[in-house]
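Heads up, coords-v1.txt below (compact mmCIF, C-alpha atoms):
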```
# COMPACT_ATOMS: atom_id res chain seq x y z
CA MET A 21 -67.29 -14.60 -7.21
CA HIS A 22 -67.43 -12.51 -10.33
CA GLU A 23 -70.84 -13.77 -11.49
CA MET A 24 -72.47 -13.04 -8.12
CA GLY A 25 -71.40 -9.40 -8.35
CA ILE A 26 -73.05 -9.06 -11.75
CA VAL A 27 -76.20 -10.80 -10.49
CA ILE A 28 -76.52 -8.30 -7.64
CA HIS A 29 -76.26 -5.39 -10.07
CA LEU A 30 -78.71 -6.99 -12.47
CA ALA A 31 -81.25 -7.41 -9.65
CA LYS A 32 -80.77 -3.79 -8.58
CA THR A 33 -81.15 -2.48 -12.13
CA LEU A 34 -84.35 -4.54 -12.64
CA ASP A 35 -85.76 -3.42 -9.29
CA GLN A 36 -85.31 0.18 -10.36
CA THR A 37 -86.96 -0.54 -13.72
CA ALA A 38 -89.90 -2.23 -11.95
CA GLU A 39 -90.37 0.83 -9.76
CA GLU A 40 -90.18 3.28 -12.66
CA GLU A 41 -92.53 1.25 -14.87
CA LYS A 42 -94.81 0.25 -11.95
CA LEU A 43 -94.38 -3.48 -12.63
CA LYS A 44 -95.73 -6.11 -10.23
CA ALA A 45 -93.80 -9.11 -11.49
CA ILE A 46 -91.02 -9.77 -13.97
CA GLY A 47 -91.05 -13.04 -15.94
CA LYS A 48 -88.54 -13.63 -18.65
CA VAL A 49 -85.33 -11.56 -18.57
CA VAL A 50 -83.42 -11.67 -21.85
CA LEU A 51 -79.77 -10.94 -21.40
CA GLN A 52 -77.24 -10.57 -24.21
CA VAL A 53 -73.86 -11.80 -23.13
CA GLY A 54 -70.72 -11.25 -25.20
CA GLU A 55 -68.63 -14.28 -26.05
CA VAL A 56 -65.55 -12.76 -24.40
CA SER A 57 -67.31 -10.93 -21.56
CA GLY A 58 -65.79 -13.39 -19.11
CA ILE A 59 -69.19 -14.47 -17.81
CA MET A 60 -69.67 -18.19 -17.19
CA THR A 61 -73.27 -18.71 -18.24
CA ASP A 62 -74.04 -21.85 -16.14
CA LEU A 63 -72.71 -20.29 -12.99
CA PHE A 64 -74.49 -17.05 -13.80
CA THR A 65 -77.91 -18.73 -14.13
CA ASP A 66 -77.36 -20.65 -10.87
CA ALA A 67 -76.37 -17.47 -9.08
CA TRP A 68 -79.48 -15.75 -10.42
CA ASP A 69 -81.81 -18.51 -9.21
CA TYR A 70 -80.18 -18.36 -5.80
CA PHE A 71 -80.42 -14.59 -5.52
CA LYS A 72 -83.73 -13.67 -7.22
CA VAL A 73 -85.94 -14.89 -4.34
CA ARG A 74 -84.73 -11.97 -2.24
CA HIS A 75 -86.55 -9.56 -4.55
CA PRO A 76 -90.37 -10.01 -4.55
CA VAL A 77 -90.74 -8.62 -8.06
CA LEU A 78 -88.07 -11.00 -9.43
CA LYS A 79 -88.79 -14.20 -7.51
CA ASP A 80 -90.54 -15.96 -10.42
CA SER A 81 -88.28 -14.58 -13.11
CA GLU A 82 -86.38 -16.68 -15.61
CA LEU A 83 -83.06 -15.73 -17.14
CA VAL A 84 -82.63 -16.28 -20.88
CA LEU A 85 -79.10 -15.78 -22.17
CA GLU A 86 -78.30 -14.91 -25.78
CA THR A 87 -74.68 -14.95 -26.92
CA ILE A 88 -73.17 -12.08 -28.88
CA PRO A 89 -70.25 -13.35 -31.00
CA ALA A 90 -66.91 -11.63 -30.47
CA VAL A 91 -65.59 -9.73 -33.51
CA THR A 92 -62.23 -7.97 -33.80
CA TYR A 93 -61.40 -5.17 -36.22
CA CYS A 94 -57.95 -4.86 -37.80
CA ASP A 95 -56.77 -1.29 -38.25
CA SER A 96 -54.02 -2.28 -40.69
CA CYS A 97 -56.07 -4.10 -43.35
CA LYS A 98 -59.50 -2.74 -42.28
CA SER A 99 -61.05 -6.19 -42.04
CA THR A 100 -62.89 -7.99 -39.26
CA TYR A 101 -62.45 -11.53 -37.94
CA GLU A 102 -63.63 -13.95 -35.24
CA THR A 103 -61.89 -13.05 -31.99
CA VAL A 104 -62.16 -16.42 -30.27
CA LYS A 105 -60.62 -18.27 -33.21
CA TYR A 106 -57.70 -15.91 -33.97
CA GLY A 107 -57.09 -13.79 -30.87
CA LYS A 108 -55.23 -10.49 -30.98
CA GLU A 109 -53.32 -11.05 -34.25
CA CYS A 110 -55.14 -10.44 -37.54
CA PRO A 111 -55.34 -13.70 -39.57
CA HIS A 112 -55.33 -11.72 -42.86
CA CYS A 113 -52.28 -9.47 -42.47
CA HIS A 114 -50.79 -10.60 -39.09
CA SER A 115 -50.95 -7.10 -37.66
CA GLY A 116 -51.38 -6.61 -33.91
CA GLU A 117 -53.13 -3.25 -34.40
CA THR A 118 -56.51 -4.76 -33.72
CA TRP A 119 -59.36 -4.14 -31.32
CA LEU A 120 -62.56 -5.75 -30.22
CA ILE A 121 -65.69 -4.22 -31.75
CA GLN A 122 -68.25 -6.51 -30.10
CA GLY A 123 -68.37 -9.46 -27.71
CA ASN A 124 -67.55 -7.83 -24.39
CA GLU A 125 -71.06 -6.68 -23.49
CA CYS A 126 -73.63 -7.74 -20.96
CA VAL A 127 -76.91 -6.03 -21.81
CA ILE A 128 -80.49 -6.50 -20.64
CA LYS A 129 -82.24 -6.73 -24.01
CA GLU A 130 -85.83 -7.04 -22.84
CA ILE A 131 -88.04 -8.26 -20.04
CA GLU A 132 -91.49 -9.79 -19.85
CA ALA A 133 -93.53 -8.23 -17.09
CA GLU A 134 -96.93 -7.35 -15.74
CA MET B 23 -97.48 -10.13 -19.66
CA LYS B 24 -96.00 -7.40 -21.79
CA ILE B 25 -92.53 -7.15 -23.26
CA ILE B 26 -90.42 -4.15 -22.38
CA LYS B 27 -87.36 -3.40 -24.50
CA LEU B 28 -84.56 -2.19 -22.28
CA GLY B 29 -81.12 -2.29 -23.91
CA LEU B 30 -79.61 -1.40 -20.53
CA GLY B 31 -76.14 -2.40 -19.38
CA VAL B 32 -76.37 -4.87 -16.52
CA THR B 33 -74.32 -2.55 -14.34
CA SER B 34 -76.26 0.59 -15.27
CA SER B 35 -77.54 0.93 -11.68
CA ASN B 36 -73.89 1.02 -10.63
CA ASP B 37 -73.08 3.66 -13.25
CA ARG B 38 -75.83 5.86 -11.82
CA ASP B 39 -74.50 5.44 -8.27
CA ALA B 40 -70.98 6.25 -9.52
CA ASP B 41 -72.08 9.52 -11.15
CA ALA B 42 -73.91 10.49 -7.97
CA LEU B 43 -70.79 9.87 -5.88
CA ARG B 44 -68.64 11.94 -8.27
CA ASP B 45 -71.09 14.85 -7.82
CA ILE B 46 -70.86 14.56 -4.02
CA MET B 47 -67.03 14.47 -4.09
CA ARG B 48 -66.85 17.44 -6.44
CA SER B 49 -69.12 19.52 -4.22
CA LYS B 50 -66.89 18.66 -1.25
CA GLY B 51 -63.77 19.54 -3.24
CA SER B 52 -62.16 16.19 -2.54
CA LEU B 53 -60.67 14.00 -5.23
CA LEU B 54 -61.35 10.27 -4.98
CA ILE B 55 -58.60 8.16 -6.58
CA ASN B 56 -59.23 4.49 -7.30
CA LEU B 57 -56.01 2.47 -6.97
CA MET B 58 -56.08 -0.88 -8.73
CA SER B 59 -53.46 -3.63 -8.93
CA SER B 60 -52.61 -7.24 -8.13
CA PRO B 61 -52.09 -8.28 -4.52
CA GLY B 62 -48.54 -7.44 -3.46
CA SER B 63 -47.84 -4.75 -6.07
CA GLY B 64 -47.04 -2.23 -3.35
CA LYS B 65 -50.25 -0.17 -3.07
CA THR B 66 -49.90 0.39 0.66
CA THR B 67 -46.15 1.16 0.40
CA LEU B 68 -46.83 3.67 -2.38
CA LEU B 69 -49.55 5.32 -0.29
CA SER B 70 -47.26 5.45 2.74
CA GLY B 71 -44.69 7.33 0.61
CA VAL B 72 -47.30 9.74 -0.76
CA ILE B 73 -48.71 10.45 2.72
CA ASN B 74 -45.23 11.13 4.09
CA ASP B 75 -44.22 13.40 1.20
CA MET B 76 -47.47 15.38 0.94
CA ARG B 77 -48.06 16.36 4.54
CA ASP B 78 -49.60 19.69 3.47
CA LEU B 79 -52.60 17.84 2.03
CA ARG B 80 -55.35 16.13 3.99
CA ILE B 81 -55.29 12.54 2.78
CA ALA B 82 -57.64 9.69 3.71
CA VAL B 83 -57.55 6.07 2.60
CA LEU B 84 -60.36 3.58 2.07
CA GLU B 85 -58.85 0.11 2.37
CA ALA B 86 -60.89 -2.55 0.59
CA ASP B 87 -60.02 -6.13 1.34
CA ILE B 88 -61.80 -9.41 1.58
CA GLU B 89 -60.42 -9.89 5.13
CA SER B 90 -58.29 -8.25 7.86
CA ASP B 91 -57.33 -4.68 8.71
CA VAL B 92 -53.52 -4.81 8.42
CA ASP B 93 -53.37 -2.14 5.70
CA ALA B 94 -55.65 0.29 7.54
CA VAL B 95 -53.58 -0.04 10.71
CA LYS B 96 -50.40 0.71 8.74
CA ILE B 97 -51.91 3.83 7.13
CA GLU B 98 -53.28 5.17 10.42
CA SER B 99 -49.85 4.80 12.02
CA LEU B 100 -48.67 7.44 9.49
CA GLY B 101 -51.27 9.87 10.73
CA ALA B 102 -53.72 9.64 7.83
CA LYS B 103 -57.36 8.78 8.31
CA ALA B 104 -58.17 5.22 7.19
CA VAL B 105 -61.32 3.16 6.92
CA GLN B 106 -61.24 -0.58 6.43
CA VAL B 107 -63.90 -1.95 4.10
CA HIS B 108 -64.64 -5.65 3.90
CA THR B 109 -66.18 -6.62 0.61
CA GLY B 110 -67.64 -9.81 2.05
CA GLY B 111 -65.93 -12.08 -0.45
CA MET B 112 -66.62 -9.84 -3.43
CA CYS B 113 -63.65 -9.39 -5.76
CA HIS B 114 -64.09 -5.68 -6.44
CA MET B 115 -65.56 -2.46 -5.04
CA ASP B 116 -68.68 -1.01 -6.66
CA ALA B 117 -70.03 2.52 -6.40
CA GLY B 118 -72.54 1.65 -3.66
CA MET B 119 -69.89 0.14 -1.38
CA THR B 120 -67.54 3.06 -2.11
CA THR B 121 -70.25 5.60 -1.21
CA GLU B 122 -70.75 3.85 2.14
CA ALA B 123 -67.00 3.90 2.80
CA VAL B 124 -66.72 7.58 1.90
CA ARG B 125 -69.47 8.36 4.44
CA ALA B 126 -67.39 6.72 7.15
CA ILE B 127 -64.69 9.38 6.73
CA ASP B 128 -66.11 12.22 8.79
CA GLU B 129 -63.27 14.71 8.29
CA GLU B 130 -62.78 16.95 5.30
CA CYS B 131 -59.96 15.90 3.02
CA ASP B 132 -58.27 16.85 -0.24
CA ILE B 133 -57.48 13.42 -1.60
CA MET B 134 -59.22 10.18 -0.75
CA PHE B 135 -57.54 7.03 -2.03
CA LEU B 136 -59.59 3.90 -2.55
CA GLU B 137 -57.30 0.89 -2.30
CA ASN B 138 -59.37 -1.50 -4.36
CA VAL B 139 -59.25 -5.29 -3.90
CA GLY B 140 -56.00 -6.76 -5.27
CA ASN B 141 -57.19 -8.12 -8.62
CA LEU B 142 -56.52 -7.08 -12.23
CA ILE B 143 -59.86 -8.14 -13.64
CA CYS B 144 -63.17 -7.18 -11.99
CA PRO B 145 -62.19 -3.84 -10.43
CA ALA B 146 -61.74 -2.50 -13.98
CA GLU B 147 -65.32 -3.44 -14.84
CA TYR B 148 -67.02 -1.43 -12.12
CA ASP B 149 -67.06 2.35 -11.98
CA THR B 150 -66.46 3.20 -8.31
CA GLY B 151 -67.32 6.87 -8.69
CA ALA B 152 -63.68 7.90 -8.49
CA GLY B 153 -62.44 11.02 -10.26
CA LEU B 154 -59.19 9.32 -11.25
CA ASN B 155 -58.22 5.72 -11.87
CA VAL B 156 -54.63 4.74 -11.20
CA MET B 157 -53.16 1.32 -11.78
CA ILE B 158 -49.99 -0.07 -10.23
CA LEU B 159 -47.91 -2.74 -11.94
CA SER B 160 -44.82 -3.91 -10.11
CA VAL B 161 -41.56 -4.90 -11.76
CA THR B 162 -41.86 -8.33 -10.12
CA GLU B 163 -45.10 -9.10 -11.98
CA GLY B 164 -43.64 -8.85 -15.48
CA ASP B 165 -44.01 -6.56 -18.50
CA ASP B 166 -46.51 -8.86 -20.25
CA LYS B 167 -49.47 -7.86 -18.06
CA PRO B 168 -50.88 -5.33 -20.57
CA LEU B 169 -51.30 -8.26 -22.97
CA LYS B 170 -53.13 -10.38 -20.41
CA TYR B 171 -55.33 -7.82 -18.66
CA PRO B 172 -55.96 -5.13 -21.29
CA LEU B 173 -59.14 -3.65 -19.78
CA MET B 174 -57.51 -2.28 -16.65
CA PHE B 175 -54.82 -0.51 -18.70
CA GLU B 176 -57.53 0.92 -20.95
CA LYS B 177 -59.53 2.29 -18.02
CA SER B 178 -56.67 3.90 -16.09
CA ASP B 179 -55.60 7.56 -16.22
CA ALA B 180 -52.13 6.68 -14.95
CA LEU B 181 -49.93 3.64 -14.57
CA VAL B 182 -47.38 3.46 -11.78
CA ILE B 183 -44.61 0.96 -12.51
CA SER B 184 -43.55 0.16 -8.94
CA LYS B 185 -40.52 -1.49 -7.32
CA THR B 186 -38.06 -0.14 -9.90
CA ASP B 187 -35.33 -0.75 -7.27
CA ALA B 188 -35.75 -4.45 -8.17
CA LEU B 189 -35.20 -3.92 -11.94
CA ASP B 190 -31.73 -5.51 -11.82
CA TYR B 191 -33.15 -8.78 -10.58
CA PHE B 192 -36.11 -9.19 -12.94
CA ASP B 193 -36.50 -9.27 -16.72
CA PHE B 194 -38.85 -6.33 -16.77
CA ASP B 195 -38.43 -4.12 -19.84
CA ILE B 196 -39.90 -0.68 -19.08
CA ASP B 197 -39.78 0.41 -22.76
CA LYS B 198 -41.52 -2.72 -23.96
CA CYS B 199 -44.14 -2.38 -21.22
CA THR B 200 -44.70 1.30 -22.09
CA GLU B 201 -45.13 0.45 -25.76
CA ARG B 202 -47.70 -2.26 -24.93
CA VAL B 203 -49.61 0.03 -22.62
CA ARG B 204 -49.67 2.93 -25.12
CA LYS B 205 -51.19 0.65 -27.75
CA LEU B 206 -54.12 0.09 -25.40
CA ASN B 207 -54.41 3.62 -24.09
CA GLY B 208 -52.81 6.58 -25.85
CA ASN B 209 -53.60 9.06 -23.06
CA ILE B 210 -52.28 7.18 -20.04
CA ARG B 211 -49.50 8.76 -17.93
CA ILE B 212 -46.75 6.35 -16.91
CA PHE B 213 -44.66 6.78 -13.74
CA PRO B 214 -41.84 4.30 -13.05
CA LEU B 215 -40.88 4.67 -9.38
CA SER B 216 -39.67 3.03 -6.21
CA ALA B 217 -41.64 3.93 -3.10
CA LYS B 218 -38.92 2.20 -1.09
CA THR B 219 -36.00 4.40 -2.23
CA GLY B 220 -38.13 7.43 -3.20
CA ASN B 221 -36.79 7.44 -6.77
CA GLY B 222 -39.39 8.73 -9.22
CA MET B 223 -41.95 9.68 -6.54
CA LYS B 224 -41.78 13.42 -7.28
CA PRO B 225 -43.22 13.35 -10.85
CA PHE B 226 -46.09 11.17 -9.63
CA GLU B 227 -46.82 13.46 -6.69
CA ASN B 228 -46.67 16.56 -8.90
CA TRP B 229 -49.16 14.94 -11.23
CA LEU B 230 -51.47 14.24 -8.26
CA ARG B 231 -51.30 17.91 -7.24
CA GLU B 232 -52.05 19.00 -10.80
CA LYS B 233 -55.07 16.70 -10.95
CA LEU B 234 -56.29 17.87 -7.55
CA ASP B 235 -56.16 21.52 -8.69
CA GLU B 236 -58.06 20.62 -11.86
CA TRP B 237 -60.69 18.77 -9.83
CA LYS B 238 -61.17 21.67 -7.42
CA THR B 239 -61.41 24.36 -10.09
CA LYS B 240 -63.36 22.55 -12.81
```

Show me this structure written as structure tokens.
Amino acid sequence: MHEMGIVIHLAKTLDQTAEEEKLKAIGKVVLQVGEVSGIMTDLFTDAWDYFKVRHPVLKDSELVLETIPAVTYCDSCKSTYETVKYGKECPHCHSGETWLIQGNECVIKEIEAE
Amino acid sequence: MKIIKLGLGVTSSNDRDADALRDIMRSKGSLLINLMSSPGSGKTTLLSGVINDMRDLRIAVLEADIESDVDAVKIESLGAKAVQVHTGGMCHMDAGMTTEAVRAIDEECDIMFLENVGNLICPAEYDTGAGLNVMILSVTEGDDKPLKYPLMFEKSDALVISKTDALDYFDFDIDKCTERVRKLNGNIRIFPLSAKTGNGMKPFENWLREKLDEWKTK
């Protein structure tokens, strides 16, 4: 239950934010999810709807997911390419000296609240 | 309704808990070591060897599993303090759960091992609050694991290649594995060993002592 673990942390992080900012209710929660973060978005939203009712400040919240495309950088030819399409090997020079520069994140971008 | 820009990592509450736990452990002078691996890689056997060899140190073990207490019973039979933690179906330990488990050890100790849930994926994503992260990869699992589960190799301070007594029976290439791991993490220490025969245990144990001294004096 990978998604459930993330949902629990998300709820905890938002609860803390609500306390610090003295918020009564949180509406929309915009989450940026990397293409290769390993998060299954359908399951994640379901898990959120199941769990949010336990937190008064979050019970009417709505999760909005935005995808961040995965991009890999090649250290050999200094170019970037789409990770999902080509994987670990650079399509330009076939080097394996490559690493992910974005697409692994899971960030709370913004929330709507009162 | 107003919009609040956050830009916070989803697990940032966990990161805060982890830093708090590290502060507690440092003030107590005990080093928490997070052990991560697949199920069956030999975590408990490795720990049994370490406990036997390093009797001069006070060692405790936090055993995290989804079910049962077989590992905790085994560790306690060696005379070390053990606490069994059930994650309630969760596939990893987070800093909050680890803090609770640490509280359950009422004696002072030098090294506290956290035997994380057997899984190469999620445990790498959550900071437990440990001072050191050690990964175990057994010869029986294959030398291609760094290619499949890069994050755990990236996050670990040391890699133990376990069950080297079985090298003759498996196509595990230690050099190839080392090369793959180094590409992901240039600073990682690699210890091939067999906890069963005792071969290679000494360098690993010396490294643990070195790290413990650093932790206590830093």

Which is closest to Ile28 in chain A among A:Cys94, A:Ile121, A:Thr87, A:Arg74, if we use all atoms listed in the file?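 Using all atoms listed in the file, the shortest distance to Ile28 in chain A belongs to A:Arg74.
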
Using all atoms listed in the file, determine which residues of chain A fall within 7 Å of chain B; present them as a PyMOL selection string. chain A and resi 21-22+25+29-30+32-33+126-134

Would you list the residues near (-86.7, -11.7, -8.8), meaning any protein, DNA or RNA residue with an atom at most 10 Å from that point in file coordinates, counting all atoms listed in the file, as a list in words? Leu30, Ala31, Lys32, Leu34, Asp35, Ala45, Ile46, Gly47, Val49, Trp68, Asp69, Tyr70, Phe71, Lys72, Val73, Arg74, His75, Pro76, Val77, Leu78, Lys79, Asp80, Ser81, Glu82 and Leu83 of chain A

Pairwise distance for CA of Glu98 in chain B and CA of Val72 in chain B, rounded to one decimal in Å: 13.5 Å

To one decimal place, how far is CA of Thr219 in chain B from CA of Leu68 in chain B in Å?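 So the two atoms, CA of Thr219 in chain B and CA of Leu68 in chain B, lie 10.9 Å apart.
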
Rounded to one decimal in Å, what is the spacing between CA of Arg80 in chain B and CA of Ile55 in chain B?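 We find that CA of Arg80 in chain B and CA of Ile55 in chain B lie 13.6 Å from each other.
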
Within 12 Å of Phe226 in chain B using all atoms listed in the file, minus same-chain residues under 3 positions, as a CSV table (one decimal) with C-alpha atoms, in the frame of the given file:
```
chain,number,residue,atom,x,y,z
B,68,LEU,CA,-46.8,3.7,-2.4
B,69,LEU,CA,-49.6,5.3,-0.3
B,71,GLY,CA,-44.7,7.3,0.6
B,72,VAL,CA,-47.3,9.7,-0.8
B,75,ASP,CA,-44.2,13.4,1.2
B,76,MET,CA,-47.5,15.4,0.9
B,156,VAL,CA,-54.6,4.7,-11.2
B,158,ILE,CA,-50.0,-0.1,-10.2
B,180,ALA,CA,-52.1,6.7,-15.0
B,181,LEU,CA,-49.9,3.6,-14.6
B,182,VAL,CA,-47.4,3.5,-11.8
B,183,ILE,CA,-44.6,1.0,-12.5
B,184,SER,CA,-43.6,0.2,-8.9
B,211,ARG,CA,-49.5,8.8,-17.9
B,212,ILE,CA,-46.8,6.4,-16.9
B,213,PHE,CA,-44.7,6.8,-13.7
B,214,PRO,CA,-41.8,4.3,-13.0
B,215,LEU,CA,-40.9,4.7,-9.4
B,216,SER,CA,-39.7,3.0,-6.2
B,217,ALA,CA,-41.6,3.9,-3.1
B,220,GLY,CA,-38.1,7.4,-3.2
B,221,ASN,CA,-36.8,7.4,-6.8
B,222,GLY,CA,-39.4,8.7,-9.2
B,223,MET,CA,-42.0,9.7,-6.5
B,229,TRP,CA,-49.2,14.9,-11.2
B,230,LEU,CA,-51.5,14.2,-8.3
B,231,ARG,CA,-51.3,17.9,-7.2
B,232,GLU,CA,-52.0,19.0,-10.8
B,233,LYS,CA,-55.1,16.7,-11.0
```

Near range 54-58 of chain A, within 6 Å and counting all atoms listed in the file, which residues show up once chain neighbours fewer than 6 positions away are dropped, as an MDAnalysis selection string? chainID A and resid 87:90 123:125

Within 9 Å of Met134 in chain B, counting only C-alpha atoms, which residues show up once you throw out same-chain ones fewer than 5 positions away? Write them as number ranges by chain, please. B: 52-56, 80-84, 124

Writer output for current selection, C-alpha atoms, as a PDB file, keeping the file's coordinate frame:
```pdb
ATOM      1  CA  SER B  52     -62.160  16.190  -2.540  1.00  0.00           C
ATOM      2  CA  LEU B  53     -60.670  14.000  -5.230  1.00  0.00           C
ATOM      3  CA  LEU B  54     -61.350  10.270  -4.980  1.00  0.00           C
ATOM      4  CA  ILE B  55     -58.600   8.160  -6.580  1.00  0.00           C
ATOM      5  CA  ASN B  56     -59.230   4.490  -7.300  1.00  0.00           C
ATOM      6  CA  ARG B  80     -55.350  16.130   3.990  1.00  0.00           C
ATOM      7  CA  ILE B  81     -55.290  12.540   2.780  1.00  0.00           C
ATOM      8  CA  ALA B  82     -57.640   9.690   3.710  1.00  0.00           C
ATOM      9  CA  VAL B  83     -57.550   6.070   2.600  1.00  0.00           C
ATOM     10  CA  LEU B  84     -60.360   3.580   2.070  1.00  0.00           C
ATOM     11  CA  VAL B 124     -66.720   7.580   1.900  1.00  0.00           C
TER      12      VAL B 124
END
```

Skip Pro111 in chain A itself and residues of its chain fewer than 5 positions away, then list as a ChimeraX atom specification all residues within 10 Å of it, counting all atoms listed in the file. /A:94,99-102,105-106,116

Which of A:Met60, A:Leu120, A:Ala67, A:Leu51 sits closest to Tyr93 in chain A [using all atoms listed in the file]: A:Leu120

In terms of the shortest atom-to-atom distance over only C-alpha atoms, which of A:Thr65, A:Gln36, A:Ser96, A:Gln52 is closest to Cys110 in chain A?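 Residue with the minimum atom-to-atom distance to Cys110 in chain A: A:Ser96.
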
My list of candidates is A:Asp62, A:Glu41, A:Glu109, A:Glu23. Which is closest to Thr92 in chain A when distances are computed with all atoms listed in the file?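 Smallest separation from Thr92 in chain A among the options: A:Glu109.
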
So, counting all atoms listed in the file, which residue among A:Thr37, A:Ser115, A:Thr61, A:Gln122 is closest to Thr103 in chain A?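 Ranking A:Thr37, A:Ser115, A:Thr61, A:Gln122 by distance to Thr103 in chain A, first place goes to A:Gln122.
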
Counting all atoms listed in the file, which of B:Leu189, B:Glu147, B:Glu85, B:Leu79 gets nearest to Gly101 in chain B? B:Leu79
